[in-house]
Amino acid sequence: MPKRKTTTSTPKQVRSRRPSARTTNGVKASKKTRTRSNQTATPGAGVLDILSQDVERQTRIAADLSSGKLSDEERQIGVEILEVMARDVERQVREALSEHVRMSPFLPPSIAATLADDVGPQALPVIQHSGVLSDQDLISIVCGSGEDKQIAVAQRDSLAPDVAEALVETGNERVVGTLLSNHGADIAERSLLKILNEFGESGDIQALIIERLALPLSLSEELIARISHALCEHLVTCHQMPREMADELAMHGRERALTQAMTAESRSSEIERLAAILHAKNALSPTLILRALCAGNLNFFQAAMAARAGVAVPEMAPLIFDRGRDVLEEIYRQADLPSELFVAFRSAVDVVNETKSDDRKYRPLEVTERIIGRLKLEYDSVCPEGLEHTLSQLSRFVIGRADSTARGLA
């Protein structure tokens with residue numbers, strides 16, 4: 001009996017077919033294929049065979065899903081295909097998938113989480129760009145992944161404070177540097193202070209903090225203080241400058257930078273908090289307060305006087321500017337400021353009151369120049385060329401008088 005010839009037929013669902021013109025880049029064709037597959041194979045197997053054959057076709061499916069042009073039924077089919085792709089197919093397919101759906105608003109969060117949990121670079125586009133990953137998803141990625149994924153999170157267009165805090169907690173300088181470079185990241189003040197405490201010696205980190213668009217005044221003060229201290233130590237150690245001179249230079253530099261950080265846009269609450277912080281650190285110096293007054297920064301001047309005198313800030317303005325010199329002198333004494341500088345404070349307040357009552361609108365620099373001119377008349381030993389020179393001379397004058405008094409020479 002002749003042997004029956006055995007033939008091997010190829011299942012229709014595995015044959016490579018070009019999608020018809022009426023299909024949407026393969027999604028509708030996949031629907032037909034899926035129907036035939038269900039008749040003869042394990043669910044999903046036919047789709048998996050097709051995916052393994054043709055990466056380009058599958059990336060078109062992903063692109064279709066991302067476009068938002070599919071019907072609800074077609075989108076459901078596409079999602080089912082993506083679930084298989086995200087789970088079972090080769091790395092190169094998942095990598096292509098990640099790139100195509102990384103910004104898709106139609107990507108189900110479960111698939112986004114699966115892709116983000118992938119091993120290798122194919123996970124990074126989804127981590128960096130997907131809008132369907134929640135803050136908790138991102139925090140989980142930061143806490144459970146390596147540097148590459150943490151950096152991908154730090155590069156997202158926007159970051160909530162809790163996610164930024166998780167990135168800071170990694171203690172990784174590259175991750176933290178990437179976070180600071182991202183001006184779309186909302187970094188809380190406590191996180192910025194932690195960065196400064198842990199990486200304060202890093203010049204790169206300091207520079208990135210300085211470049212932040214909106215830096216809290218309390219952080220500005222801490223940063224300025226650190227840089228001033230480092231400058232002082234450098235002058236003493238490397239240039240053999242006397243410690244007293246280096247301290248004076250660093251002090252004036254620190255106070256000038258801090259005064260400049262207090263812009264007109266600074267909120268009153270923030271300025272009051274800064275004054276309280278400086279007072280607690282015993283850094284609310286007479287020269288800093290006088291500098292703020294001379295520069296026209298009346299909000300800080302009032303907050304600083306209130307902090308030192310133990311008076312509520314809202315009550316301070318009328319006491320200083322409206323009640324006359326006797327009340328000003330009493331407040332000045334209550335603030336425990338040096339008597340040698342009272343004339344300077346009184347002269348500056350007089351100039352401010354005069355310019356307020358004048359019909360003409362004075363620029364801040366004009367007010368400062370008028371104050372300096374008045375100080376020149378009041379202090380014979382002061383021949384000011386500008387605010388810096390004046391404050392430096394007044395500072396030395398006060399120190400000299402204090403030393404003389406201690407020796408009984410006053």
# chains A, B, ... in the order shown; residues from 1 in each chain; ligands from 1
>>> residues_around(residues="stretch 195-209 of chain A", least_positions_apart="4", cutoff="12 Å", atoms="only C-alpha atoms", output="JSON, numbers by chain")
{"A": [164, 165, 166, 167, 168, 169, 170, 171, 172, 173, 174, 175, 176, 177, 178, 179, 180, 181, 182, 183, 187, 188, 189, 190, 191, 213, 214, 215, 216, 218, 219, 220, 221, 222, 223, 224, 225, 226, 227, 229, 230]}
>>> closest_residue(among="A:Leu217, A:Leu258, A:Val351, A:Ala276", to="A:Val311", atoms="only C-alpha atoms")
A:Ala276
>>> atom_distance(atom1="atom CA of A:Val367", atom2="atom CA of A:Gly296")
7.2 Å
>>> atom_distance(atom1="atom CA of A:Met305", atom2="atom CA of A:Leu290")
10.3 Å
>>> residues_around(residues="A:Phe301", least_positions_apart="2", cutoff="9 Å", atoms="only C-alpha atoms", output="short mmCIF file (atom, residue, chain, number, x, y, z; two decimals) with C-alpha atoms, in the first residue's frame")
data_model
loop_
_atom_site.label_atom_id
_atom_site.label_comp_id
_atom_site.auth_asym_id
_atom_site.auth_seq_id
_atom_site.Cartn_x
_atom_site.Cartn_y
_atom_site.Cartn_z
CA ALA A 275 14.76 88.15 59.63
CA LEU A 288 23.14 94.44 57.53
CA ILE A 289 20.13 96.35 58.88
CA LEU A 290 21.67 99.71 57.99
CA ARG A 291 22.57 98.41 54.53
CA ALA A 292 18.96 97.37 53.92
CA LEU A 293 17.73 100.79 55.04
CA GLY A 296 15.67 101.21 50.28
CA ASN A 297 14.69 97.71 51.40
CA LEU A 298 12.25 98.97 54.02
CA ASN A 299 10.40 95.65 54.43
CA ALA A 303 11.25 93.09 59.98
CA ALA A 304 14.81 93.14 61.32
CA MET A 305 14.09 95.93 63.81
CA ALA A 306 10.94 94.10 64.93
#
>>> residues_around(residues="A:Gln302", least_positions_apart="5", cutoff="12 Å", atoms="only C-alpha atoms", output="PyMOL selection string")
chain A and resi 268+271-272+275-276+289-290+292-293+296-297+307-321+328+331-332+335+349
>>> atom_distance(atom1="atom CA of A:Arg102", atom2="atom CA of A:Arg212")
27.8 Å
>>> residues_around(residues="A:Glu233", least_positions_apart="3", cutoff="12 Å", atoms="only C-alpha atoms", output="ChimeraX atom specification")
/A:226-230,236-247,249-250
>>> closest_residue(among="A:Gly324, A:Gly144, A:Gly131, A:Pro121", to="A:Arg156", atoms="only C-alpha atoms")
A:Gly131
